[in-house]
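Structure, as structure tokens:
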Amino acid sequence: MSGGPAVRVSIESSCEKQVQEVSLDGLETYVPPLSMSQNLAKLAQRIDFGQGSDSEEEGVEGESRDQEWGKPEPEEEEGTVKFQPSLWPWDSVRNNLRSALTEMCVLYDVLSVVKEKKYMTLDPVSQDPTAGKTPQVFQLISKRKSLATAAQLLLKGAEKLSKSVTENQENRRQRDFNSELLRLRSQWKLRKVGDKILGDLSYRSAGSLFPHHGTFEVIKNTDIDLDKKIPEDYCPLNVQIPSDLEGSAYIKVSIQKQSPDIGDLGTVNLFRRQPKAKIGTQAWHVKLEAAQNVLLCKEIFAQLSREAVQIKSQIPHIVVKNQIISQPFPGLQLSVSLCHSTTGDKKNPKSSPEKPKPDDHLYVLEHNLHQLMREFHKQTLSSVVMPHPASAPFGHKRLRLAGPMAYDKAEISTLQQGEGLLEKIIKQAKHIFLRSRTARTIDSLASRIEDPQIQAHWSNINDVYESSVKVLITSQGYEQICKSIQLQLNIGVEQIRVVHRDGRVITLSHQEQELQDFLLSQMSQHQVHAVQQLAKVMGWHVLSFSNHVGLGSVESIGNASAITVASANGEYAISVRNGPESGCKVLVQFPRNLCKELPKSDVIQDNKWNHLRGPYKEVHWNKMEGRNFVYKMELLMAALTPCP
Amino acid sequence: MEAPPVTVMPVTGGTINMMEYLLQGSVLDQALESLLHRLKGLCDNMESESFADHETVYLLKGQQGNPFLLRARHSLAHPAAPWHLRYLGQPEVGDKSRHALVRNCVDVAASHSLPDFLNEMGFRMDHEFVARGQIFRKGALKVVVSKLFRVLVPGNTENTEPLSLSYLVELSVLAPAGQDTMSEDMRSFAEQLKPLVHLEKIDPKRHM
């Protein structure tokens, strides 16, 4: 208003909160104001759902409701909305709810009437064909969508199928590996170490003491391409053998003439063709067997070389690289060598590519070496080693007895193992050599000399150290008559023992010449014996007989033998002297009256003395007719026997 | 006549310094067959060797401390075989990681007059028992599966009764002192027998 000092006007709102009570100390307690939800609830309670925009119902209920709104006039209520200022924000809500209720009631009524089908039925409205025409773009889109759904379904199915197929193949490969592993396990020792599968191909569990570990590893063969065709010899399992056991090996035993220069010795590198595996055996089996063979050959050679160095013998053995050389007989050389070829290629840079010359490759001895090794293995596993009582340490039973029985050194040494592998093999080699040389000697004599004939009957059953042969010296056509020379030869390791039919036992050394000389002397004796037998048959009398004649020239081989036989009537006599070198000499003694050269003498008074045998005359034996000596002799005897 | 010179130095070397590596376990009677099958497969390829032994334990009580123990054992199945005298020392308290029980072991073969000799020496018999079972070997490893029988009347080995319803399984190796490689082999062998029998080192002192 006018200028004057401003008047401060304080406006204070009226106390909104009602005072509930005033306490004695002046503190006012207000009624707590209503919260939002409480306020809303209070307002919602004041909504009258009976009142709405509907005229008839409103009119009926309006009178029974609030009188303060005044008496409504029926004609004004048709479209007018009652102005309720306190319910204004809820009016639309109420109206919407009321209209929804109305609609629902109508629908319910229609449906119940239609259900009865008496007053109302549902009939499809005939469509105007042009009205339902959808645009082409929409059709395209809908077709594409449906095709896409179908395609997706098919793709999902195909994916599942392909996954199952690969799984199947994978399973098959897995199963093959497992079945191969089972087959492998049925023949070889396997064990699992960590995630590796290891196997043992050594002879340790069979009693070997060789320090080689002999472990091989089993690996899965995964370098197979499933898309390509699986090859015929595909094996899902592969073995990896130790590198020093690869390839193939064999022990070669051979006997040769002694090489003049020691420098010729060296690595023997002969290669033999790989043995073809049987159809049906797996590659791993062939590989493992070859590796095991290599291991055994190495063990044999190690044992032999150890013995060659340790054992003292008269002629020392030489161990050079992969060869052991010893001398069983002077002038002879036995070589045992380990031939190990690693890469398996056929070419050999040292020796010439053509077939190597055969040099007495003694397969029998190689086989025997293997067998001896296995015998040795079995020895370590025999029950002789097991201790009784059980707490005693392992060891040979007899050695355990040595303490309590107080054996002395001599007894213990007799209990120890006799010979080593090398000595045994050398003995066997000696025997084989001696036997083959004996056979050769007899055969060469038989082919060289026709009269008398020499026959050899070898026995089938032999020992590794001993063989025997029966030698018969006969004349052809007169086998039944002249069978006095029968020799049994027992060929040992270093000597030949000859047992004569008449009981004499002669021991020959390994020298070839001795046997030959002996047989020649026996042949010459045979001739004389044949004459003796023939004389018995022909009826002639044996006047004298000597196996070893002390007269005449000295033979270089054996001794000469001689026989004198007289005819039945005594008129003639035949003297034979046969020596191995000097041949045979036959003299015939004639009676005196048939000899012209005899001088007449006064001493003989009577004529009967002229019938006595007189001088000798030699027979030109080589001019005689007859196939052999005995035949000739028979002819001679027959000629000198007068016909009755 | 003078007495022959006698060495006063203790004997070393040779068989005196052998150590025994031992692992023990047990199986019930029902499980014996499967254990024997497995051992036949694992061990060296031999016929199974059964044994019947009678062991007598002799004690020598000195003035001080622990009595001296000797074990005399002879075979009932092979009466002609020599007796076996055994001394087992205290288990070596080496590192705990060693898998087997190691103790000094002296084995001597003796004649049949052993019990009399020990009696004359002053040993007294402490106890005796009969063991029957089988021995297996794998290289140097010895596996003994035995059933122990109590001798009811001292000296009479016919009348025995089993001590328990189980079999004792022992895995042992004799090796010269200083060689410690055997315990690994023993452990791996024991692993292979694992579900059938658990072989472990059992300290005898703890069970006394």
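Residues in the structure tokens are numbered from 1 in each chain, the chains being A, B, ... in the order shown, and ligands are numbered from 1 in the order shown.
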Exercise. Chain A residues within 8 Å of chain B, counting only C-alpha atoms: which ones, as a PyMOL selection string?
Worked result: chain A and resi 204-207+381-383+386+388-393+400-401+403-405
Problem set entry | Every residue of chain B that DSSP places in strand (DSSP E or B), as a PyMOL selection string | chain B and resi 18-28+49-60+68-75+83-91+101-110+124-138+141-151+160-162+166-176+200
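Of the listed residues A:Glu180, A:Glu299, A:Asp109, A:Glu419, the one whose atoms come nearest to A:His370 is A:Glu299, with distances taken using only C-alpha atoms.
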Problem set entry | Test item: residues at most 10 Å from stretch 158-173 of chain A, only C-alpha atoms, excluding those fewer than 2 positions along its chain, as a ChimeraX atom specification | /A:152-156,175-179,221-222,224,226,235-236
So that I have them on file, write out the residues from the current selection with all heavy atoms, as a compact mmCIF listing (two decimals), in the first residue's frame.
# COMPACT_ATOMS: atom_id res chain seq x y z
N GLN A 152 15.59 -76.19 -41.97
CA GLN A 152 16.32 -76.28 -40.71
C GLN A 152 16.11 -77.64 -40.05
O GLN A 152 17.05 -78.25 -39.53
CB GLN A 152 15.81 -75.18 -39.79
CG GLN A 152 16.87 -74.70 -38.88
CD GLN A 152 16.47 -73.41 -38.22
OE1 GLN A 152 15.28 -73.10 -38.10
NE2 GLN A 152 17.44 -72.65 -37.80
N LEU A 153 14.89 -78.12 -40.11
CA LEU A 153 14.61 -79.43 -39.54
C LEU A 153 15.43 -80.51 -40.23
O LEU A 153 16.06 -81.36 -39.59
CB LEU A 153 13.12 -79.75 -39.69
CG LEU A 153 12.22 -79.26 -38.58
CD1 LEU A 153 10.78 -79.46 -38.98
CD2 LEU A 153 12.53 -80.00 -37.30
N LEU A 154 15.45 -80.44 -41.58
CA LEU A 154 16.19 -81.46 -42.32
C LEU A 154 17.67 -81.39 -42.01
O LEU A 154 18.35 -82.40 -41.85
CB LEU A 154 15.95 -81.29 -43.82
CG LEU A 154 14.59 -81.77 -44.32
CD1 LEU A 154 14.39 -81.35 -45.76
CD2 LEU A 154 14.51 -83.28 -44.20
N LEU A 155 18.19 -80.17 -41.93
CA LEU A 155 19.61 -80.02 -41.64
C LEU A 155 19.96 -80.60 -40.28
O LEU A 155 20.98 -81.27 -40.11
CB LEU A 155 19.98 -78.53 -41.68
CG LEU A 155 20.37 -77.99 -43.05
CD1 LEU A 155 20.57 -76.49 -42.97
CD2 LEU A 155 21.64 -78.65 -43.54
N LYS A 156 19.08 -80.32 -39.33
CA LYS A 156 19.35 -80.87 -37.99
C LYS A 156 19.41 -82.38 -38.02
O LYS A 156 20.29 -83.02 -37.44
CB LYS A 156 18.23 -80.39 -37.04
CG LYS A 156 18.79 -79.72 -35.79
CD LYS A 156 17.79 -79.58 -34.70
CE LYS A 156 16.81 -78.47 -34.98
NZ LYS A 156 15.93 -78.22 -33.84
N ARG A 175 37.19 -100.38 -31.29
CA ARG A 175 36.97 -101.78 -30.98
C ARG A 175 38.06 -102.63 -31.61
O ARG A 175 38.51 -103.59 -31.05
CB ARG A 175 35.60 -102.23 -31.49
CG ARG A 175 34.60 -102.38 -30.36
CD ARG A 175 33.27 -102.91 -30.83
NE ARG A 175 32.46 -101.87 -31.42
CZ ARG A 175 31.99 -101.94 -32.66
NH1 ARG A 175 32.25 -102.97 -33.42
NH2 ARG A 175 31.26 -100.98 -33.15
N ASP A 176 38.47 -102.28 -32.84
CA ASP A 176 39.54 -103.04 -33.46
C ASP A 176 40.81 -102.96 -32.65
O ASP A 176 41.51 -103.94 -32.48
CB ASP A 176 39.81 -102.51 -34.87
CG ASP A 176 38.84 -103.14 -35.84
OD1 ASP A 176 38.18 -104.10 -35.43
OD2 ASP A 176 38.76 -102.67 -36.98
N PHE A 177 41.09 -101.78 -32.15
CA PHE A 177 42.29 -101.65 -31.34
C PHE A 177 42.20 -102.54 -30.12
O PHE A 177 43.14 -103.24 -29.76
CB PHE A 177 42.49 -100.19 -30.93
CG PHE A 177 43.62 -100.00 -29.99
CD1 PHE A 177 44.93 -100.07 -30.42
CD2 PHE A 177 43.40 -99.77 -28.64
CE1 PHE A 177 45.99 -99.91 -29.56
CE2 PHE A 177 44.46 -99.60 -27.77
CZ PHE A 177 45.74 -99.68 -28.22
N ASN A 178 41.03 -102.54 -29.50
CA ASN A 178 40.90 -103.35 -28.29
C ASN A 178 40.97 -104.83 -28.58
O ASN A 178 41.58 -105.59 -27.84
CB ASN A 178 39.57 -103.03 -27.60
CG ASN A 178 39.63 -101.69 -26.91
OD1 ASN A 178 40.70 -101.23 -26.56
ND2 ASN A 178 38.48 -101.07 -26.73
N SER A 179 40.35 -105.24 -29.69
CA SER A 179 40.42 -106.67 -29.99
C SER A 179 41.84 -107.07 -30.38
O SER A 179 42.31 -108.16 -30.02
CB SER A 179 39.44 -107.03 -31.09
OG SER A 179 39.76 -106.34 -32.26
N ASN A 221 47.64 -96.91 -33.60
CA ASN A 221 47.94 -96.43 -34.93
C ASN A 221 46.87 -95.45 -35.34
O ASN A 221 45.78 -95.83 -35.75
CB ASN A 221 47.96 -97.64 -35.87
CG ASN A 221 48.73 -97.34 -37.12
OD1 ASN A 221 49.20 -96.23 -37.32
ND2 ASN A 221 48.84 -98.32 -37.98
N THR A 222 47.16 -94.16 -35.20
CA THR A 222 46.12 -93.17 -35.47
C THR A 222 46.33 -92.43 -36.77
O THR A 222 45.59 -91.52 -37.09
CB THR A 222 46.07 -92.13 -34.34
OG1 THR A 222 47.41 -91.70 -34.09
CG2 THR A 222 45.48 -92.73 -33.10
N ILE A 224 45.52 -92.81 -39.64
CA ILE A 224 44.66 -93.38 -40.68
C ILE A 224 43.65 -92.31 -41.07
O ILE A 224 43.10 -91.62 -40.24
CB ILE A 224 43.97 -94.67 -40.17
CG1 ILE A 224 43.09 -95.26 -41.26
CG2 ILE A 224 43.16 -94.44 -38.94
CD1 ILE A 224 43.85 -95.94 -42.32
N LEU A 226 40.18 -91.38 -42.40
CA LEU A 226 38.91 -92.09 -42.52
C LEU A 226 38.26 -91.87 -43.88
O LEU A 226 37.44 -92.65 -44.31
CB LEU A 226 37.95 -91.64 -41.42
CG LEU A 226 38.25 -92.26 -40.05
CD1 LEU A 226 37.41 -91.62 -38.99
CD2 LEU A 226 37.98 -93.75 -40.08
N CYS A 235 46.61 -102.13 -39.47
CA CYS A 235 46.48 -102.67 -38.12
C CYS A 235 46.40 -101.50 -37.16
O CYS A 235 47.28 -100.64 -37.17
CB CYS A 235 47.70 -103.54 -37.81
SG CYS A 235 47.50 -104.48 -36.32
N PRO A 236 45.37 -101.47 -36.34
CA PRO A 236 45.23 -100.31 -35.46
C PRO A 236 46.25 -100.29 -34.34
O PRO A 236 46.31 -99.35 -33.57
CB PRO A 236 43.82 -100.50 -34.88
CG PRO A 236 43.54 -101.94 -35.01
CD PRO A 236 44.25 -102.40 -36.21
